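Chemist: The structure that follows is given in the form of structure tokens.
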Amino acid sequence: CFDCCKKVLDSIKSNNINCFPEIHMKILYAYYKSAYFHKPELASEILSKIYSQYLVDPKINSAYRNEKLFYDNEFALCKSLKKRARLVVNVFGCATKEKYKQEILKMNETWVKRARELDVVVLFFLGEEPTDLVDPNCIYIKNVINDFASVRDKQNYGLRYIHEHYDTDFVYTCGTDTYVNIDKMMKYLDQFDVKEELYIGGHGDTRWVGNREVYFHSGGSGFILSNALLNKLYPQLFNMDTEWRDICRLNGVNNLFAACDVELAWMIDKNAKT
């Protein structure tokens with residue numbers, strides 16, 4: 001079934017074959033489900049492709065939404081294949097400049113060392129240019145360079161990667177210039193219900209986007225997403241940058257396009273209202 005589905009999907013794509021959206025969606029589902037049973041190491045990757053390459057098509061997306069409850073329940077099966085964690089830290093960084101590379105090294109020597117003693121997973125998301133930082137916790141992202149604007153790519157890719165590989169109660173996102181009292185953070189999180197859609201932070205501000213005032217937690221000090229909120233946001237993460245660029249252009253706030261903390265807050269606010 002896995003090989004058959006793959007051949008059919010490849011044939012539809014390569015030969016530009018018109019296929020009824022409902023049938024196309026069912027083939028995608030069968031491809032994912034067969035991977036879940038027979039090639040579980042590929043299931044998360046296939047699910048990611050369904051979201052990033054297929055559900056951006058309005059017709060296929062409509063077929064998905066017509067049976068959204070069914071598909072979402074089936075896609076949630078991937079959760080059993082993920083690594084379990086109480087907290088995963090999503091760090092956006094740069095290892096090609098010595099200053100920022102040293103920040104990563106100092107983090108590993110200080111609070112990250114303590115975090116791993118507490119079984120907290122800390123992952124560094126970096127641009128694709130290789131360095132001598134070779135570590136399974138350093139993830140070099142293909143087609144992402146190391147510049148100011150890449151913070152958005154690293155942040156959002158990190159959130160996608162964590163959702164696809166970890167069943168975690170919370171995700172904390174920050175930069176390499178952040179120091180965390182990880183013991184206090186873990187204790188602080190005990191008061192929250194991971195089943196609630198929570199966007200947690202401290203230092204923040206507001207920005208006007210059109211006629212909407214958006215509050216955001218600053219990306220510098222970082223923010224925390226609960227499992228429930230990350231699950232809800234995950235399908236949006238694949239096309240979020242394009243949508244945010246259009247929103248900024250239409251509302252005359254192009255200066256906010258690089259503000260990935262405002263972008264994420266806007267998306268959270270939008271989804272909270274739908």
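Letters A, B, ... go to the chains of the structure tokens in the order shown; residues in each chain start at 1; ligands are counted from 1 in the same order.
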Excluding range 176-185 of chain A and any residue of its chain fewer than 2 positions from it, enumerate the residues within 9 Å of it, using only C-alpha atoms, and give them as a VMD selection string.

Modeler: chain A and resid 91 to 94 100 to 101 103 to 104 107 110 to 112 114 to 115 118 120 124 174 187 to 190 220 to 222

Chemist: Determine which residues of range 61-273 of chain A DSSP labels as helix (DSSP H, G or I) from the backbone of this structure, then write them out as a PyMOL selection string.

Modeler: chain A and resi 61-66+68-81+98-109+111-117+150-165+182-189+227-238+240-250+254-256+260-272

Chemist: Residues at most 10 Å from Tyr199 in chain A, counting only C-alpha atoms, excluding those fewer than 6 positions away in the same chain, as a PyMOL selection string?

Modeler: chain A and resi 170+216-217+223-226+229-230+265+268

Chemist: Which of these residues is nearest to Lys68 in chain A, using only C-alpha atoms: A:Leu55, A:Val121, A:Cys1, A:Leu87?

Modeler: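 Among the listed residues, A:Leu55 lies closest to Lys68 in chain A.
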
Chemist: When you draw a straight line from CA of Leu69 in chain A to CA of Glu22 in chain A, how long is it in Å?

Modeler: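 Computing the Euclidean distance for CA of Leu69 in chain A and CA of Glu22 in chain A yields 14.9 Å.
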
Chemist: Just the residues within 10 Å of Glu129 in chain A, please, counting only C-alpha atoms, with nothing from its chain fewer than 4 positions along; format it as a VMD selection string.

Modeler: chain A and resid 94 to 96 140 to 146

Chemist: Suppose we keep all heavy atoms; can you now write the selection as a PDB file, in the first residue's frame?

Modeler:
ATOM      1  N   CYS A  94      23.157  31.333  15.614  1.00  0.00           N
ATOM      2  CA  CYS A  94      24.084  31.481  14.484  1.00  0.00           C
ATOM      3  C   CYS A  94      25.462  31.022  14.954  1.00  0.00           C
ATOM      4  O   CYS A  94      25.990  31.546  15.942  1.00  0.00           O
ATOM      5  CB  CYS A  94      24.139  32.933  14.031  1.00  0.00           C
ATOM      6  SG  CYS A  94      25.434  33.281  12.820  1.00  0.00           S
ATOM      7  N   ALA A  95      26.028  30.038  14.257  1.00  0.00           N
ATOM      8  CA  ALA A  95      27.337  29.507  14.646  1.00  0.00           C
ATOM      9  C   ALA A  95      28.451  29.955  13.720  1.00  0.00           C
ATOM     10  O   ALA A  95      29.609  29.578  13.916  1.00  0.00           O
ATOM     11  CB  ALA A  95      27.278  27.979  14.696  1.00  0.00           C
ATOM     12  N   THR A  96      28.140  30.761  12.703  1.00  0.00           N
ATOM     13  CA  THR A  96      29.167  31.183  11.746  1.00  0.00           C
ATOM     14  C   THR A  96      29.891  32.454  12.192  1.00  0.00           C
ATOM     15  O   THR A  96      30.948  32.773  11.663  1.00  0.00           O
ATOM     16  CB  THR A  96      28.549  31.416  10.356  1.00  0.00           C
ATOM     17  OG1 THR A  96      27.483  32.366  10.468  1.00  0.00           O
ATOM     18  CG2 THR A  96      28.000  30.119   9.788  1.00  0.00           C
ATOM     19  N   TYR A 140      21.134  22.115  11.521  1.00  0.00           N
ATOM     20  CA  TYR A 140      21.409  23.051  10.440  1.00  0.00           C
ATOM     21  C   TYR A 140      20.267  22.970   9.423  1.00  0.00           C
ATOM     22  O   TYR A 140      19.987  21.899   8.879  1.00  0.00           O
ATOM     23  CB  TYR A 140      22.750  22.721   9.790  1.00  0.00           C
ATOM     24  CG  TYR A 140      23.933  22.968  10.707  1.00  0.00           C
ATOM     25  CD1 TYR A 140      24.359  21.993  11.613  1.00  0.00           C
ATOM     26  CD2 TYR A 140      24.610  24.182  10.685  1.00  0.00           C
ATOM     27  CE1 TYR A 140      25.433  22.224  12.474  1.00  0.00           C
ATOM     28  CE2 TYR A 140      25.698  24.422  11.524  1.00  0.00           C
ATOM     29  CZ  TYR A 140      26.097  23.437  12.417  1.00  0.00           C
ATOM     30  OH  TYR A 140      27.163  23.665  13.264  1.00  0.00           O
ATOM     31  N   ILE A 141      19.638  24.101   9.175  1.00  0.00           N
ATOM     32  CA  ILE A 141      18.429  24.128   8.354  1.00  0.00           C
ATOM     33  C   ILE A 141      18.775  24.430   6.899  1.00  0.00           C
ATOM     34  O   ILE A 141      19.369  25.471   6.595  1.00  0.00           O
ATOM     35  CB  ILE A 141      17.438  25.181   8.874  1.00  0.00           C
ATOM     36  CG1 ILE A 141      17.224  25.025  10.383  1.00  0.00           C
ATOM     37  CG2 ILE A 141      16.108  25.064   8.135  1.00  0.00           C
ATOM     38  CD1 ILE A 141      16.448  26.174  10.999  1.00  0.00           C
ATOM     39  N   LYS A 142      18.392  23.541   6.028  1.00  0.00           N
ATOM     40  CA  LYS A 142      18.667  23.695   4.600  1.00  0.00           C
ATOM     41  C   LYS A 142      18.007  24.959   4.049  1.00  0.00           C
ATOM     42  O   LYS A 142      16.865  25.291   4.397  1.00  0.00           O
ATOM     43  CB  LYS A 142      18.162  22.466   3.836  1.00  0.00           C
ATOM     44  CG  LYS A 142      18.549  22.433   2.366  1.00  0.00           C
ATOM     45  CD  LYS A 142      18.087  21.138   1.711  1.00  0.00           C
ATOM     46  CE  LYS A 142      18.473  21.088   0.245  1.00  0.00           C
ATOM     47  NZ  LYS A 142      18.022  19.849  -0.417  1.00  0.00           N
ATOM     48  N   ASN A 143      18.758  25.674   3.193  1.00  0.00           N
ATOM     49  CA  ASN A 143      18.274  26.874   2.502  1.00  0.00           C
ATOM     50  C   ASN A 143      17.978  28.056   3.427  1.00  0.00           C
ATOM     51  O   ASN A 143      17.224  28.968   3.059  1.00  0.00           O
ATOM     52  CB  ASN A 143      17.015  26.556   1.666  1.00  0.00           C
ATOM     53  CG  ASN A 143      17.273  25.545   0.572  1.00  0.00           C
ATOM     54  OD1 ASN A 143      18.362  25.517  -0.001  1.00  0.00           O
ATOM     55  ND2 ASN A 143      16.300  24.698   0.297  1.00  0.00           N
ATOM     56  N   VAL A 144      18.559  28.030   4.620  1.00  0.00           N
ATOM     57  CA  VAL A 144      18.421  29.162   5.542  1.00  0.00           C
ATOM     58  C   VAL A 144      19.805  29.749   5.786  1.00  0.00           C
ATOM     59  O   VAL A 144      20.734  29.030   6.165  1.00  0.00           O
ATOM     60  CB  VAL A 144      17.781  28.726   6.882  1.00  0.00           C
ATOM     61  CG1 VAL A 144      17.846  29.866   7.907  1.00  0.00           C
ATOM     62  CG2 VAL A 144      16.336  28.302   6.654  1.00  0.00           C
ATOM     63  N   ILE A 145      19.954  31.044   5.545  1.00  0.00           N
ATOM     64  CA  ILE A 145      21.240  31.696   5.754  1.00  0.00           C
ATOM     65  C   ILE A 145      21.279  32.299   7.157  1.00  0.00           C
ATOM     66  O   ILE A 145      20.281  32.268   7.888  1.00  0.00           O
ATOM     67  CB  ILE A 145      21.497  32.791   4.695  1.00  0.00           C
ATOM     68  CG1 ILE A 145      20.419  33.885   4.775  1.00  0.00           C
ATOM     69  CG2 ILE A 145      21.537  32.184   3.302  1.00  0.00           C
ATOM     70  CD1 ILE A 145      20.669  35.037   3.827  1.00  0.00           C
ATOM     71  N   ASN A 146      22.420  32.842   7.528  1.00  0.00           N
ATOM     72  CA  ASN A 146      22.565  33.449   8.840  1.00  0.00           C
ATOM     73  C   ASN A 146      22.553  34.972   8.711  1.00  0.00           C
ATOM     74  O   ASN A 146      23.578  35.606   8.488  1.00  0.00           O
ATOM     75  CB  ASN A 146      23.870  32.990   9.499  1.00  0.00           C
ATOM     76  CG  ASN A 146      23.795  31.543   9.948  1.00  0.00           C
ATOM     77  OD1 ASN A 146      22.908  31.161  10.694  1.00  0.00           O
ATOM     78  ND2 ASN A 146      24.724  30.731   9.478  1.00  0.00           N
TER      79      ASN A 146
END

Chemist: Under the rule that only C-alpha atoms are counted, which of A:Ala258, A:Leu198, A:Ile247, A:Val171 is the nearest residue to Arg212 in chain A?

Modeler: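 Of all the options, A:Ile247 lies closest to Arg212 in chain A.
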
Chemist: Give the strand (DSSP E) residues of range 5-146 of chain A, as assigned by DSSP on the backbone, as a ChimeraX atom specification.

Modeler: /A:83-92,121-127,138-141

Chemist: Please produce an output containing N, CA, C and O atoms for each residue in the selection, written as an mmCIF file, in the first residue's frame.

Modeler:
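Result file out06.cif:
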data_model
loop_
_atom_site.group_PDB
_atom_site.id
_atom_site.type_symbol
_atom_site.label_atom_id
_atom_site.label_comp_id
_atom_site.auth_asym_id
_atom_site.auth_seq_id
_atom_site.Cartn_x
_atom_site.Cartn_y
_atom_site.Cartn_z
ATOM 1 N N LYS A 83 9.136 11.316 20.730
ATOM 2 C CA LYS A 83 9.829 11.259 22.010
ATOM 3 C C LYS A 83 9.065 12.101 23.020
ATOM 4 O O LYS A 83 8.605 13.194 22.713
ATOM 5 N N ARG A 84 8.963 11.584 24.238
ATOM 6 C CA ARG A 84 8.212 12.280 25.280
ATOM 7 C C ARG A 84 9.115 13.271 26.023
ATOM 8 O O ARG A 84 10.270 12.987 26.311
ATOM 9 N N ALA A 85 8.578 14.459 26.298
ATOM 10 C CA ALA A 85 9.340 15.460 27.043
ATOM 11 C C ALA A 85 8.380 16.358 27.806
ATOM 12 O O ALA A 85 7.255 16.611 27.358
ATOM 13 N N ARG A 86 8.834 16.839 28.934
ATOM 14 C CA ARG A 86 8.067 17.821 29.688
ATOM 15 C C ARG A 86 8.237 19.206 29.055
ATOM 16 O O ARG A 86 7.286 19.967 28.926
ATOM 17 N N LEU A 87 9.478 19.516 28.651
ATOM 18 C CA LEU A 87 9.787 20.812 28.056
ATOM 19 C C LEU A 87 10.859 20.643 26.999
ATOM 20 O O LEU A 87 11.854 19.952 27.218
ATOM 21 N N VAL A 88 10.648 21.267 25.838
ATOM 22 C CA VAL A 88 11.675 21.354 24.797
ATOM 23 C C VAL A 88 11.966 22.827 24.574
ATOM 24 O O VAL A 88 11.046 23.647 24.463
ATOM 25 N N VAL A 89 13.253 23.168 24.499
ATOM 26 C CA VAL A 89 13.667 24.554 24.280
ATOM 27 C C VAL A 89 14.094 24.726 22.827
ATOM 28 O O VAL A 89 14.941 23.981 22.317
ATOM 29 N N ASN A 90 13.487 25.690 22.178
ATOM 30 C CA ASN A 90 13.708 26.002 20.763
ATOM 31 C C ASN A 90 14.596 27.250 20.697
ATOM 32 O O ASN A 90 14.120 28.372 20.877
ATOM 33 N N VAL A 91 15.895 27.064 20.436
ATOM 34 C CA VAL A 91 16.840 28.175 20.438
ATOM 35 C C VAL A 91 17.226 28.524 19.000
ATOM 36 O O VAL A 91 17.729 27.669 18.268
ATOM 37 N N PHE A 92 16.970 29.772 18.586
ATOM 38 C CA PHE A 92 17.429 30.201 17.259
ATOM 39 C C PHE A 92 18.810 30.836 17.420
ATOM 40 O O PHE A 92 19.039 31.665 18.297
ATOM 41 N N VAL A 121 14.903 18.996 26.950
ATOM 42 C CA VAL A 121 15.552 18.918 25.643
ATOM 43 C C VAL A 121 15.828 20.336 25.150
ATOM 44 O O VAL A 121 14.920 21.177 25.109
ATOM 45 N N VAL A 122 17.087 20.613 24.786
ATOM 46 C CA VAL A 122 17.457 21.929 24.254
ATOM 47 C C VAL A 122 18.029 21.735 22.851
ATOM 48 O O VAL A 122 19.014 21.020 22.672
ATOM 49 N N LEU A 123 17.402 22.381 21.862
ATOM 50 C CA LEU A 123 17.804 22.242 20.465
ATOM 51 C C LEU A 123 18.181 23.605 19.895
ATOM 52 O O LEU A 123 17.472 24.597 20.109
ATOM 53 N N PHE A 124 19.295 23.644 19.156
ATOM 54 C CA PHE A 124 19.758 24.864 18.512
ATOM 55 C C PHE A 124 19.472 24.777 17.014
ATOM 56 O O PHE A 124 19.923 23.847 16.349
ATOM 57 N N PHE A 125 18.735 25.749 16.487
ATOM 58 C CA PHE A 125 18.396 25.772 15.066
ATOM 59 C C PHE A 125 19.229 26.847 14.381
ATOM 60 O O PHE A 125 19.143 28.035 14.711
ATOM 61 N N LEU A 126 20.053 26.397 13.418
ATOM 62 C CA LEU A 126 21.080 27.232 12.805
ATOM 63 C C LEU A 126 20.914 27.268 11.289
ATOM 64 O O LEU A 126 20.262 26.409 10.700
ATOM 65 N N GLY A 127 21.541 28.264 10.658
ATOM 66 C CA GLY A 127 21.550 28.317 9.200
ATOM 67 C C GLY A 127 22.318 27.144 8.621
ATOM 68 O O GLY A 127 23.053 26.449 9.322
ATOM 69 N N CYS A 138 22.355 20.357 17.563
ATOM 70 C CA CYS A 138 22.534 21.492 16.648
ATOM 71 C C CYS A 138 21.982 21.094 15.289
ATOM 72 O O CYS A 138 22.520 20.196 14.634
ATOM 73 N N ILE A 139 20.935 21.746 14.869
ATOM 74 C CA ILE A 139 20.236 21.374 13.646
ATOM 75 C C ILE A 139 20.435 22.463 12.609
ATOM 76 O O ILE A 139 19.992 23.607 12.779
ATOM 77 N N TYR A 140 21.134 22.115 11.521
ATOM 78 C CA TYR A 140 21.409 23.051 10.440
ATOM 79 C C TYR A 140 20.267 22.970 9.423
ATOM 80 O O TYR A 140 19.987 21.899 8.879
ATOM 81 N N ILE A 141 19.638 24.101 9.175
ATOM 82 C CA ILE A 141 18.429 24.128 8.354
ATOM 83 C C ILE A 141 18.775 24.430 6.899
ATOM 84 O O ILE A 141 19.369 25.471 6.595
#

Chemist: Would you mind telling me which residue in A:Lys195, A:Arg152, A:His24, A:Arg160 lies nearest to Phe238 in chain A when using only C-alpha atoms?

Modeler: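 Using only C-alpha atoms, the shortest distance to Phe238 in chain A belongs to A:Arg160.
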
Chemist: As a list of chain:residue names, please: the residues near His38 in chain A (cut-off 9 Å, only C-alpha atoms, same-chain neighbours under 4 positions excluded).

Modeler: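 Here the qualifying residues turn out to be A:Phe2, A:Lys33, A:Ser34.
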